[in-house]
Amino acid sequence: MKIGITGGIGSGKSYVCKRLALRGIEVYDCDSAAKRLMRSDVIQQQLTALIGCKPDKAALTRFLLASEANAHALDAIVHPAVFADFKQSGMQWMESAIMYESGADSLVDRVIVVTAPEEVRISRIMRRDGITCQQALQWIERQWPQERVRQLADHEIVNDGIEDIDIQLDALLPLIIPISPIIISK
């Protein structure tokens with residue numbers, strides 16, 4: 001069974017994935033994979049042709065946030081490369097901030113959404129990226145609303161800084177990873 005972990009920027013998906021790693025569950029990180037794949041010659045050439053300059057982080061961010069059409073054009077290059085890489089990885093778990101928006105949900109059997117209140121998310125993004133509240137909101141608004149993703153997902157982990165993540169994982173994992181019965185032969 002393939003499992004997807006999603007949640008908007010600042011929800012704490014990466015933290016949940018670290019807690020899973022401590023349990024021996026390796027999770028494919030779509031963001032890291034996209035950054036790695038975007039350094040390949042083929043994708044570099046495609047991105048340069050698309051944005052008209054060297055595709056460094058600042059140029060890509062400006063292009064991405066300039067319009068929805070730009071975002072779709074960039075996604076059309078990066079997402080298929082990430083999907084193919086995930087399939088080739090042989091991994092069972094995938095983390096993607098834009099699981100539904102990108103179509104990555106078609107690659108998994110179940111989706112867990114990590115949620116947090118918007119003010120917590122904004123604070124996390126500002127602290128992590130050293131950006132303003134307005135910039136953090138711009139990133140949040142680029143993604144689907146948390147409530148929409150919550151309704152589509154199969155399971156939810158609340159990462160509000162109050163609920164205990166490990167207790168939630170202890171309750172959730174047996175539902176997702178069935179334990180085979182032990183058969184004792186006589």
# chains A, B, ... in the order shown; residues from 1 in each chain; ligands from 1
>>> residues_around(residues="A:Ile165", least_positions_apart="2", cutoff="12 Å", atoms="only C-alpha atoms", output="ChimeraX atom specification")
/A:12-13,15-20,114-116,156-163,167-173
>>> write_last_selection(atoms="N, CA and C atoms", output="PDB file, in the first residue's frame")
ATOM      1  N   GLY A  12       3.470  21.442   9.156  1.00  0.00           N
ATOM      2  CA  GLY A  12       4.324  20.550   9.938  1.00  0.00           C
ATOM      3  C   GLY A  12       4.439  19.152   9.369  1.00  0.00           C
ATOM      4  N   LYS A  13       4.252  19.009   8.053  1.00  0.00           N
ATOM      5  CA  LYS A  13       4.395  17.697   7.409  1.00  0.00           C
ATOM      6  C   LYS A  13       5.777  17.102   7.648  1.00  0.00           C
ATOM      7  N   TYR A  15       7.829  17.569  10.063  1.00  0.00           N
ATOM      8  CA  TYR A  15       7.970  17.102  11.439  1.00  0.00           C
ATOM      9  C   TYR A  15       7.306  15.733  11.598  1.00  0.00           C
ATOM     10  N   VAL A  16       6.116  15.578  11.052  1.00  0.00           N
ATOM     11  CA  VAL A  16       5.426  14.286  11.123  1.00  0.00           C
ATOM     12  C   VAL A  16       6.261  13.215  10.423  1.00  0.00           C
ATOM     13  N   CYS A  17       6.864  13.563   9.288  1.00  0.00           N
ATOM     14  CA  CYS A  17       7.706  12.603   8.566  1.00  0.00           C
ATOM     15  C   CYS A  17       8.940  12.220   9.382  1.00  0.00           C
ATOM     16  N   LYS A  18       9.487  13.155  10.144  1.00  0.00           N
ATOM     17  CA  LYS A  18      10.618  12.832  11.035  1.00  0.00           C
ATOM     18  C   LYS A  18      10.174  11.868  12.125  1.00  0.00           C
ATOM     19  N   ARG A  19       8.966  12.049  12.619  1.00  0.00           N
ATOM     20  CA  ARG A  19       8.440  11.129  13.646  1.00  0.00           C
ATOM     21  C   ARG A  19       8.230   9.739  13.030  1.00  0.00           C
ATOM     22  N   LEU A  20       7.815   9.690  11.771  1.00  0.00           N
ATOM     23  CA  LEU A  20       7.667   8.405  11.079  1.00  0.00           C
ATOM     24  C   LEU A  20       9.027   7.747  10.871  1.00  0.00           C
ATOM     25  N   VAL A 114      -1.870  16.659   7.249  1.00  0.00           N
ATOM     26  CA  VAL A 114      -1.389  17.287   8.473  1.00  0.00           C
ATOM     27  C   VAL A 114      -1.965  18.692   8.482  1.00  0.00           C
ATOM     28  N   THR A 115      -2.671  19.041   9.563  1.00  0.00           N
ATOM     29  CA  THR A 115      -3.319  20.338   9.643  1.00  0.00           C
ATOM     30  C   THR A 115      -2.805  21.135  10.839  1.00  0.00           C
ATOM     31  N   ALA A 116      -2.954  22.445  10.736  1.00  0.00           N
ATOM     32  CA  ALA A 116      -2.619  23.373  11.820  1.00  0.00           C
ATOM     33  C   ALA A 116      -3.405  24.653  11.583  1.00  0.00           C
ATOM     34  N   GLU A 156      -6.330  12.355   9.280  1.00  0.00           N
ATOM     35  CA  GLU A 156      -5.805  13.669   9.656  1.00  0.00           C
ATOM     36  C   GLU A 156      -4.904  13.554  10.884  1.00  0.00           C
ATOM     37  N   ILE A 157      -3.806  14.290  10.842  1.00  0.00           N
ATOM     38  CA  ILE A 157      -2.932  14.481  11.999  1.00  0.00           C
ATOM     39  C   ILE A 157      -2.989  15.975  12.305  1.00  0.00           C
ATOM     40  N   VAL A 158      -3.354  16.338  13.524  1.00  0.00           N
ATOM     41  CA  VAL A 158      -3.419  17.735  13.930  1.00  0.00           C
ATOM     42  C   VAL A 158      -2.070  18.110  14.539  1.00  0.00           C
ATOM     43  N   ASN A 159      -1.417  19.102  13.920  1.00  0.00           N
ATOM     44  CA  ASN A 159      -0.100  19.546  14.375  1.00  0.00           C
ATOM     45  C   ASN A 159      -0.184  21.021  14.783  1.00  0.00           C
ATOM     46  N   ASP A 160      -0.945  21.252  15.836  1.00  0.00           N
ATOM     47  CA  ASP A 160      -1.182  22.617  16.298  1.00  0.00           C
ATOM     48  C   ASP A 160      -0.259  23.043  17.433  1.00  0.00           C
ATOM     49  N   GLY A 161       0.676  22.182  17.812  1.00  0.00           N
ATOM     50  CA  GLY A 161       1.566  22.489  18.927  1.00  0.00           C
ATOM     51  C   GLY A 161       0.969  22.083  20.261  1.00  0.00           C
ATOM     52  N   ILE A 162      -0.247  21.592  20.247  1.00  0.00           N
ATOM     53  CA  ILE A 162      -0.920  21.152  21.480  1.00  0.00           C
ATOM     54  C   ILE A 162      -1.142  19.639  21.447  1.00  0.00           C
ATOM     55  N   GLU A 163      -1.761  19.165  20.360  1.00  0.00           N
ATOM     56  CA  GLU A 163      -2.014  17.727  20.216  1.00  0.00           C
ATOM     57  C   GLU A 163      -0.688  16.980  20.087  1.00  0.00           C
ATOM     58  N   ILE A 167       1.074  10.258  19.833  1.00  0.00           N
ATOM     59  CA  ILE A 167      -0.175   9.580  20.225  1.00  0.00           C
ATOM     60  C   ILE A 167      -1.084   9.415  19.012  1.00  0.00           C
ATOM     61  N   GLN A 168      -1.151  10.448  18.174  1.00  0.00           N
ATOM     62  CA  GLN A 168      -1.979  10.353  16.963  1.00  0.00           C
ATOM     63  C   GLN A 168      -1.432   9.296  16.012  1.00  0.00           C
ATOM     64  N   LEU A 169      -0.104   9.244  15.850  1.00  0.00           N
ATOM     65  CA  LEU A 169       0.499   8.225  14.978  1.00  0.00           C
ATOM     66  C   LEU A 169       0.276   6.829  15.537  1.00  0.00           C
ATOM     67  N   ASP A 170       0.373   6.667  16.859  1.00  0.00           N
ATOM     68  CA  ASP A 170       0.130   5.358  17.480  1.00  0.00           C
ATOM     69  C   ASP A 170      -1.276   4.851  17.172  1.00  0.00           C
ATOM     70  N   ALA A 171      -2.235   5.766  17.122  1.00  0.00           N
ATOM     71  CA  ALA A 171      -3.613   5.381  16.820  1.00  0.00           C
ATOM     72  C   ALA A 171      -3.828   5.150  15.326  1.00  0.00           C
ATOM     73  N   LEU A 172      -3.132   5.920  14.497  1.00  0.00           N
ATOM     74  CA  LEU A 172      -3.362   5.875  13.053  1.00  0.00           C
ATOM     75  C   LEU A 172      -2.629   4.740  12.339  1.00  0.00           C
ATOM     76  N   LEU A 173      -1.384   4.516  12.687  1.00  0.00           N
ATOM     77  CA  LEU A 173      -0.580   3.548  11.930  1.00  0.00           C
ATOM     78  C   LEU A 173      -1.169   2.140  11.881  1.00  0.00           C
TER      79      LEU A 173
END
>>> closest_residue(among="A:Arg36, A:Leu74, A:Val113, A:Lys2", to="A:Ala153", atoms="only C-alpha atoms")
A:Val113
>>> select_by_dssp(residues="stretch 11-179 of chain A", states="strand (DSSP E or B)", output="PyMOL selection string")
chain A and resi 27-29+93-95+110-115+155-158
>>> atom_distance(atom1="atom CA of A:Leu64", atom2="atom CA of A:Gly103")
18.2 Å
>>> select_by_dssp(residues="stretch 43-184 of chain A", states="helix (DSSP H, G or I)", output="JSON, numbers by chain")
{"A": [43, 44, 45, 46, 47, 48, 49, 50, 51, 57, 58, 59, 60, 61, 62, 63, 64, 65, 66, 68, 69, 70, 71, 72, 73, 74, 75, 76, 77, 78, 79, 80, 81, 82, 83, 84, 85, 86, 87, 88, 89, 99, 100, 101, 102, 104, 105, 106, 107, 118, 119, 120, 121, 122, 123, 124, 125, 126, 127, 128, 129, 133, 134, 135, 136, 137, 138, 139, 140, 141, 142, 146, 147, 148, 149, 150, 151, 152, 165, 166, 167, 168, 169, 170, 171, 172, 173, 174, 175, 176]}
>>> atom_distance(atom1="atom CA of A:Ser89", atom2="atom CA of A:Glu26")
11.1 Å
>>> residues_around(residues="A:Ser106", least_positions_apart="2", cutoff="12 Å", atoms="only C-alpha atoms", output="ChimeraX atom specification")
/A:2-4,83,87,94,99-104,108-111
>>> write_last_selection(atoms="C-alpha atoms", output="compact mmCIF listing (two decimals), in the first residue's frame")
# COMPACT_ATOMS: atom_id res chain seq x y z
CA LYS A 2 1.25 3.47 -0.92
CA ILE A 3 0.60 6.30 1.53
CA GLY A 4 0.66 10.04 0.85
CA PHE A 83 6.19 11.34 -10.20
CA LYS A 87 7.75 5.36 -8.96
CA MET A 94 5.31 10.12 -0.19
CA MET A 99 -0.79 16.20 -3.22
CA TYR A 100 -4.19 16.91 -4.78
CA GLU A 101 -3.28 20.02 -6.77
CA SER A 102 -0.45 18.16 -8.52
CA GLY A 103 -2.31 14.89 -9.06
CA ALA A 104 0.14 12.98 -6.84
CA VAL A 108 -1.05 6.56 -3.52
CA ASP A 109 -3.79 4.44 -1.96
CA ARG A 110 -4.39 6.56 1.14
CA VAL A 111 -3.72 10.18 2.07
>>> residues_around(residues="stretch 135-150 of chain A", least_positions_apart="3", cutoff="9 Å", atoms="only C-alpha atoms", output="JSON, numbers by chain")
{"A": [6, 7, 8, 9, 10, 65, 68, 97, 98, 99, 100, 101, 112, 113, 114, 115, 116, 118, 121, 122, 123, 125, 126, 129, 131, 132, 153, 154, 155, 156]}
>>> closest_residue(among="A:Val78, A:Ile5, A:Ala71, A:Leu107", to="A:Val42", atoms="only C-alpha atoms")
A:Val78
>>> atom_distance(atom1="atom CA of A:Leu37", atom2="atom CA of A:Cys53")
17.8 Å
>>> closest_residue(among="A:Ala73, A:Leu175, A:Val27, A:Ala33", to="A:Met91", atoms="only C-alpha atoms")
A:Val27
>>> closest_residue(among="A:Asp29, A:Asp105, A:Asp166, A:Asp41", to="A:Phe86", atoms="only C-alpha atoms")
A:Asp29
>>> closest_residue(among="A:Asp56, A:Asp164, A:Asp75, A:Glu119", to="A:Ala34", atoms="only C-alpha atoms")
A:Asp75
>>> decode(residues="stretch 149-168 of chain A", atoms="C-alpha atoms", output="short mmCIF file (atom, residue, chain, number, x, y, z; two decimals), in the first residue's frame")
data_model
loop_
_atom_site.label_atom_id
_atom_site.label_comp_id
_atom_site.auth_asym_id
_atom_site.auth_seq_id
_atom_site.Cartn_x
_atom_site.Cartn_y
_atom_site.Cartn_z
CA VAL A 149 -7.75 19.01 1.54
CA ARG A 150 -9.04 17.75 4.91
CA GLN A 151 -12.30 16.68 3.26
CA LEU A 152 -10.47 14.75 0.53
CA ALA A 153 -7.94 13.02 2.78
CA ASP A 154 -8.48 9.64 4.40
CA HIS A 155 -6.87 10.55 7.74
CA GLU A 156 -5.81 13.67 9.66
CA ILE A 157 -2.93 14.48 12.00
CA VAL A 158 -3.42 17.74 13.93
CA ASN A 159 -0.10 19.55 14.37
CA ASP A 160 -1.18 22.62 16.30
CA GLY A 161 1.57 22.49 18.93
CA ILE A 162 -0.92 21.15 21.48
CA GLU A 163 -2.01 17.73 20.22
CA ASP A 164 0.63 15.01 20.67
CA ILE A 165 1.83 13.79 17.26
CA ASP A 166 3.13 10.45 18.56
CA ILE A 167 -0.17 9.58 20.23
CA GLN A 168 -1.98 10.35 16.96
#
